[in-house]
file start.cif (mmCIF, C-alpha atoms)
data_work
#
loop_
_atom_site.group_PDB
_atom_site.id
_atom_site.type_symbol
_atom_site.label_atom_id
_atom_site.label_comp_id
_atom_site.auth_asym_id
_atom_site.auth_seq_id
_atom_site.Cartn_x
_atom_site.Cartn_y
_atom_site.Cartn_z
ATOM 1 C CA MET A 6 -14.833 -53.663 -2.870
ATOM 2 C CA LEU A 7 -13.570 -52.088 -6.093
ATOM 3 C CA ARG A 8 -11.403 -49.058 -5.359
ATOM 4 C CA GLY A 9 -10.169 -47.666 -8.641
ATOM 5 C CA ILE A 10 -8.095 -48.484 -11.659
ATOM 6 C CA ARG A 11 -4.559 -49.592 -10.745
ATOM 7 C CA THR A 12 -3.329 -50.861 -14.111
ATOM 8 C CA VAL A 13 -4.203 -50.245 -17.749
ATOM 9 C CA MET A 14 -2.608 -52.962 -19.890
ATOM 10 C CA VAL A 15 -2.500 -52.943 -23.662
ATOM 11 C CA PHE A 16 -1.355 -55.718 -25.969
ATOM 12 C CA VAL A 17 1.201 -54.854 -28.637
ATOM 13 C CA ASP A 18 3.705 -56.597 -30.893
ATOM 14 C CA ASP A 19 6.765 -55.133 -29.122
ATOM 15 C CA PRO A 20 6.070 -54.146 -25.492
ATOM 16 C CA GLU A 21 9.457 -52.520 -24.853
ATOM 17 C CA VAL A 22 9.337 -50.344 -27.977
ATOM 18 C CA ALA A 23 5.761 -49.242 -27.215
ATOM 19 C CA ALA A 24 6.617 -48.477 -23.573
ATOM 20 C CA ARG A 25 9.659 -46.425 -24.595
ATOM 21 C CA TRP A 26 7.560 -44.367 -27.031
ATOM 22 C CA TRP A 27 4.963 -43.677 -24.314
ATOM 23 C CA GLY A 28 7.776 -43.052 -21.812
ATOM 24 C CA ASP A 29 8.984 -40.242 -24.080
ATOM 25 C CA ILE A 30 5.446 -38.861 -24.361
ATOM 26 C CA PHE A 31 4.976 -38.801 -20.565
ATOM 27 C CA GLY A 32 8.608 -38.102 -19.646
ATOM 28 C CA SER A 33 8.495 -41.277 -17.556
ATOM 29 C CA GLU A 34 10.987 -44.065 -16.863
ATOM 30 C CA VAL A 35 10.258 -47.434 -18.479
ATOM 31 C CA LYS A 36 10.315 -50.461 -16.194
ATOM 32 C CA LEU A 37 10.894 -53.943 -17.601
ATOM 33 C CA ASP A 38 10.149 -57.468 -16.430
ATOM 34 C CA ILE A 39 11.898 -59.917 -18.751
ATOM 35 C CA ASN A 40 11.181 -63.620 -18.317
ATOM 36 C CA GLY A 41 12.955 -65.560 -21.058
ATOM 37 C CA THR A 42 11.601 -64.111 -24.293
ATOM 38 C CA ALA A 43 8.506 -62.596 -22.628
ATOM 39 C CA VAL A 44 8.679 -58.880 -21.882
ATOM 40 C CA TYR A 45 6.285 -56.845 -19.791
ATOM 41 C CA ALA A 46 7.082 -53.145 -19.870
ATOM 42 C CA TRP A 47 5.330 -50.425 -17.903
ATOM 43 C CA LEU A 48 5.286 -46.843 -16.746
ATOM 44 C CA ASP A 49 4.293 -45.687 -13.275
ATOM 45 C CA LEU A 50 2.146 -42.607 -13.866
ATOM 46 C CA ASP A 51 1.346 -41.203 -10.416
ATOM 47 C CA GLY A 52 0.230 -44.599 -9.124
ATOM 48 C CA LEU A 53 -1.356 -45.846 -12.366
ATOM 49 C CA GLU A 54 0.559 -48.644 -14.033
ATOM 50 C CA PHE A 55 0.385 -48.228 -17.811
ATOM 51 C CA GLY A 56 1.557 -51.646 -19.006
ATOM 52 C CA PHE A 57 2.470 -53.208 -22.341
ATOM 53 C CA HIS A 58 2.218 -56.972 -22.840
ATOM 54 C CA GLN A 59 3.014 -59.137 -25.852
ATOM 55 C CA ALA A 60 -0.042 -59.581 -28.072
ATOM 56 C CA SER A 61 -1.118 -63.142 -28.853
ATOM 57 C CA PRO A 62 -3.921 -64.039 -31.286
ATOM 58 C CA LYS A 63 -5.349 -66.650 -28.887
ATOM 59 C CA ALA A 64 -4.649 -65.381 -25.361
ATOM 60 C CA ASN A 65 -4.323 -61.601 -25.704
ATOM 61 C CA PRO A 66 -5.247 -60.243 -29.126
ATOM 62 C CA HIS A 67 -3.996 -56.879 -30.281
ATOM 63 C CA GLY A 68 -6.540 -54.088 -29.837
ATOM 64 C CA GLY A 69 -9.844 -54.794 -28.166
ATOM 65 C CA SER A 70 -12.645 -52.693 -26.794
ATOM 66 C CA THR A 71 -11.012 -50.992 -23.785
ATOM 67 C CA VAL A 72 -9.907 -47.450 -24.584
ATOM 68 C CA PRO A 73 -8.070 -45.480 -21.895
ATOM 69 C CA TYR A 74 -8.802 -41.741 -21.927
ATOM 70 C CA TRP A 75 -6.090 -39.401 -20.687
ATOM 71 C CA ASN A 76 -7.193 -36.196 -18.982
ATOM 72 C CA VAL A 77 -5.543 -33.179 -20.658
ATOM 73 C CA GLU A 78 -5.455 -29.444 -20.016
ATOM 74 C CA ASP A 79 -5.852 -28.490 -23.692
ATOM 75 C CA LEU A 80 -7.202 -31.119 -26.086
ATOM 76 C CA ASP A 81 -6.124 -29.353 -29.287
ATOM 77 C CA THR A 82 -2.536 -28.802 -28.114
ATOM 78 C CA GLU A 83 -2.079 -32.349 -26.818
ATOM 79 C CA ARG A 84 -3.760 -33.869 -29.878
ATOM 80 C CA LYS A 85 -1.373 -31.991 -32.176
ATOM 81 C CA ARG A 86 1.646 -33.020 -30.092
ATOM 82 C CA LEU A 87 0.641 -36.686 -30.309
ATOM 83 C CA LEU A 88 -0.138 -36.531 -34.031
ATOM 84 C CA ASP A 89 3.296 -34.951 -34.570
ATOM 85 C CA ALA A 90 4.844 -37.775 -32.496
ATOM 86 C CA GLY A 91 3.454 -40.457 -34.830
ATOM 87 C CA CYS A 92 -0.150 -41.089 -33.780
ATOM 88 C CA ILE A 93 -2.982 -41.083 -36.300
ATOM 89 C CA HIS A 94 -6.498 -39.692 -36.024
ATOM 90 C CA HIS A 95 -9.258 -42.163 -35.127
ATOM 91 C CA ARG A 96 -12.400 -40.270 -33.969
ATOM 92 C CA GLY A 97 -13.488 -36.813 -32.873
ATOM 93 C CA PRO A 98 -12.937 -34.354 -31.411
ATOM 94 C CA LEU A 99 -16.488 -34.396 -30.089
ATOM 95 C CA ASP A 100 -18.188 -31.983 -27.693
ATOM 96 C CA VAL A 101 -19.619 -34.143 -24.897
ATOM 97 C CA GLU A 102 -20.703 -31.336 -22.551
ATOM 98 C CA PRO A 103 -19.962 -27.619 -22.231
ATOM 99 C CA GLY A 104 -16.206 -27.164 -21.779
ATOM 100 C CA ARG A 105 -15.418 -30.846 -22.294
ATOM 101 C CA ARG A 106 -14.345 -32.592 -25.496
ATOM 102 C CA ILE A 107 -12.984 -36.020 -26.331
ATOM 103 C CA CYS A 108 -11.139 -37.597 -29.230
ATOM 104 C CA GLN A 109 -9.467 -40.883 -30.052
ATOM 105 C CA LEU A 110 -6.068 -41.464 -31.614
ATOM 106 C CA VAL A 111 -4.096 -44.575 -32.550
ATOM 107 C CA ASP A 112 -0.500 -44.818 -31.333
ATOM 108 C CA PRO A 113 2.272 -46.098 -33.655
ATOM 109 C CA PHE A 114 1.691 -49.626 -32.287
ATOM 110 C CA GLY A 115 -2.039 -49.841 -33.098
ATOM 111 C CA THR A 116 -3.424 -49.042 -29.638
ATOM 112 C CA ILE A 117 -6.501 -46.811 -29.591
ATOM 113 C CA PHE A 118 -6.578 -44.259 -26.782
ATOM 114 C CA GLY A 119 -8.534 -41.132 -26.001
ATOM 115 C CA LEU A 120 -7.972 -37.587 -24.820
ATOM 116 C CA ASP A 121 -10.504 -35.863 -22.548
ATOM 117 C CA GLY A 122 -10.376 -32.174 -21.803
ATOM 118 C CA PRO A 123 -11.323 -28.668 -22.777
#

call {"tool": "encode", "arguments": {"input": "start.cif", "output": "structure tokens"}}
result
Amino acid sequence: MLRGIRTVMVFVDDPEVAARWWGDIFGSEVKLDINGTAVYAWLDLDGLEFGFHQASPKANPHGGSTVPYWNVEDLDTERKRLLDAGCIHHRGPLDVEPGRRICQLVDPFGTIFGLDGP
């Protein structure tokens, strides 16, 4: 039986650098698993593992169709904070239902993610 999302993994050129940037955004410690030259870096966000793996054109291409959406208390405030931190605009904000809006941004490492909130 499926229970819920445990890990969101994105593929980037430099997993440790991306994880440290997101660690600053969330105020979260970065954890590292280094095996030779391979690095897997992740954050534990209240039981959700937000992981960063080395991109590979054949096995794990950069980008893709999965877009994690982070729940936020104030979309405009959080969007501005992330744009000021180096993200760029991708889509939205869009009104999806009364009192709920979404938007997509691109982090400095090319990963598309969304914000969901009022």

call {"tool": "resolve_selection", "arguments": {"input": "start.cif", "expression": "the PyMOL selection byres ((chain A and resi 81) around 12)", "output": "JSON, numbers by chain"}}
result
{"A": [77, 78, 79, 80, 82, 83, 84, 85, 86, 87, 88, 97, 98, 99, 105, 106, 107, 108, 120, 121, 122, 123]}

call {"tool": "axis_aligned_box", "arguments": {"input": "start.cif", "around": "stretch 52-55 of chain A", "padding_each_side": "4 Å", "output": "JSON"}}
result
{"center_x": -0.4, "center_y": -46.6, "center_z": -13.5, "size_x": 9.9, "size_y": 12.0, "size_z": 16.7}

call {"tool": "closest_atom_pairs", "arguments": {"input": "start.cif", "of": "stretch 27-115 of chain A", "to": "stretch 7-22 of chain A", "cutoff": "9 Å", "atoms": "all atoms listed in the file", "output": "JSON lines"}}
result
{"residue": "A:Trp27", "atom": "CA", "partner": "A:Val22", "partner_atom": "CA", "distance": 8.8}
{"residue": "A:Val35", "atom": "CA", "partner": "A:Glu21", "partner_atom": "CA", "distance": 8.2}
{"residue": "A:Lys36", "atom": "CA", "partner": "A:Glu21", "partner_atom": "CA", "distance": 8.9}
{"residue": "A:Leu37", "atom": "CA", "partner": "A:Glu21", "partner_atom": "CA", "distance": 7.5}
{"residue": "A:Val44", "atom": "CA", "partner": "A:Pro20", "partner_atom": "CA", "distance": 6.5}
{"residue": "A:Tyr45", "atom": "CA", "partner": "A:Pro20", "partner_atom": "CA", "distance": 6.3}
{"residue": "A:Ala46", "atom": "CA", "partner": "A:Glu21", "partner_atom": "CA", "distance": 5.6}
{"residue": "A:Trp47", "atom": "CA", "partner": "A:Glu21", "partner_atom": "CA", "distance": 8.4}
{"residue": "A:Gly52", "atom": "CA", "partner": "A:Arg11", "partner_atom": "CA", "distance": 7.1}
{"residue": "A:Leu53", "atom": "CA", "partner": "A:Arg11", "partner_atom": "CA", "distance": 5.2}
{"residue": "A:Glu54", "atom": "CA", "partner": "A:Thr12", "partner_atom": "CA", "distance": 4.5}
{"residue": "A:Phe55", "atom": "CA", "partner": "A:Val13", "partner_atom": "CA", "distance": 5.0}
{"residue": "A:Gly56", "atom": "CA", "partner": "A:Met14", "partner_atom": "CA", "distance": 4.5}
{"residue": "A:Phe57", "atom": "CA", "partner": "A:Pro20", "partner_atom": "CA", "distance": 4.9}
{"residue": "A:His58", "atom": "CA", "partner": "A:Phe16", "partner_atom": "CA", "distance": 4.9}
{"residue": "A:Gln59", "atom": "CA", "partner": "A:Val17", "partner_atom": "CA", "distance": 5.4}
{"residue": "A:Ala60", "atom": "CA", "partner": "A:Phe16", "partner_atom": "CA", "distance": 4.6}
{"residue": "A:Ser61", "atom": "CA", "partner": "A:Phe16", "partner_atom": "CA", "distance": 8.0}
{"residue": "A:Asn65", "atom": "CA", "partner": "A:Phe16", "partner_atom": "CA", "distance": 6.6}
{"residue": "A:Pro66", "atom": "CA", "partner": "A:Phe16", "partner_atom": "CA", "distance": 6.8}
{"residue": "A:His67", "atom": "CA", "partner": "A:Phe16", "partner_atom": "CA", "distance": 5.2}
{"residue": "A:Gly68", "atom": "CA", "partner": "A:Phe16", "partner_atom": "CA", "distance": 6.7}
{"residue": "A:Gly69", "atom": "CA", "partner": "A:Val15", "partner_atom": "CA", "distance": 8.8}
{"residue": "A:Thr71", "atom": "CA", "partner": "A:Val15", "partner_atom": "CA", "distance": 8.7}
{"residue": "A:Pro73", "atom": "CA", "partner": "A:Val13", "partner_atom": "CA", "distance": 7.4}
{"residue": "A:Phe114", "atom": "CA", "partner": "A:Val17", "partner_atom": "CA", "distance": 6.4}
{"residue": "A:Gly115", "atom": "CA", "partner": "A:Val17", "partner_atom": "CA", "distance": 7.5}

call {"tool": "residues_around", "arguments": {"input": "start.cif", "residues": "A:Gln109", "least_positions_apart": "6", "cutoff": "6 Å", "atoms": "only C-alpha atoms", "output": "ChimeraX atom specification"}}
result
/A:95-96,118-119

call {"tool": "residues_around", "arguments": {"input": "start.cif", "residues": "A:Glu34", "least_positions_apart": "5", "cutoff": "10 Å", "atoms": "all atoms listed in the file", "output": "PyMOL selection string"}}
result
chain A and resi 24-25+27-29+47-50

call {"tool": "atom_distance", "arguments": {"input": "start.cif", "atom1": "atom CA of A:Asp89", "atom2": "atom CA of A:Leu110"}}
result
11.8 Å

call {"tool": "atom_distance", "arguments": {"input": "start.cif", "atom1": "atom CA of A:Ala43", "atom2": "atom CA of A:Trp26"}}
result
18.8 Å

call {"tool": "atom_distance", "arguments": {"input": "start.cif", "atom1": "atom CA of A:Val101", "atom2": "atom CA of A:Val72"}}
result
16.5 Å
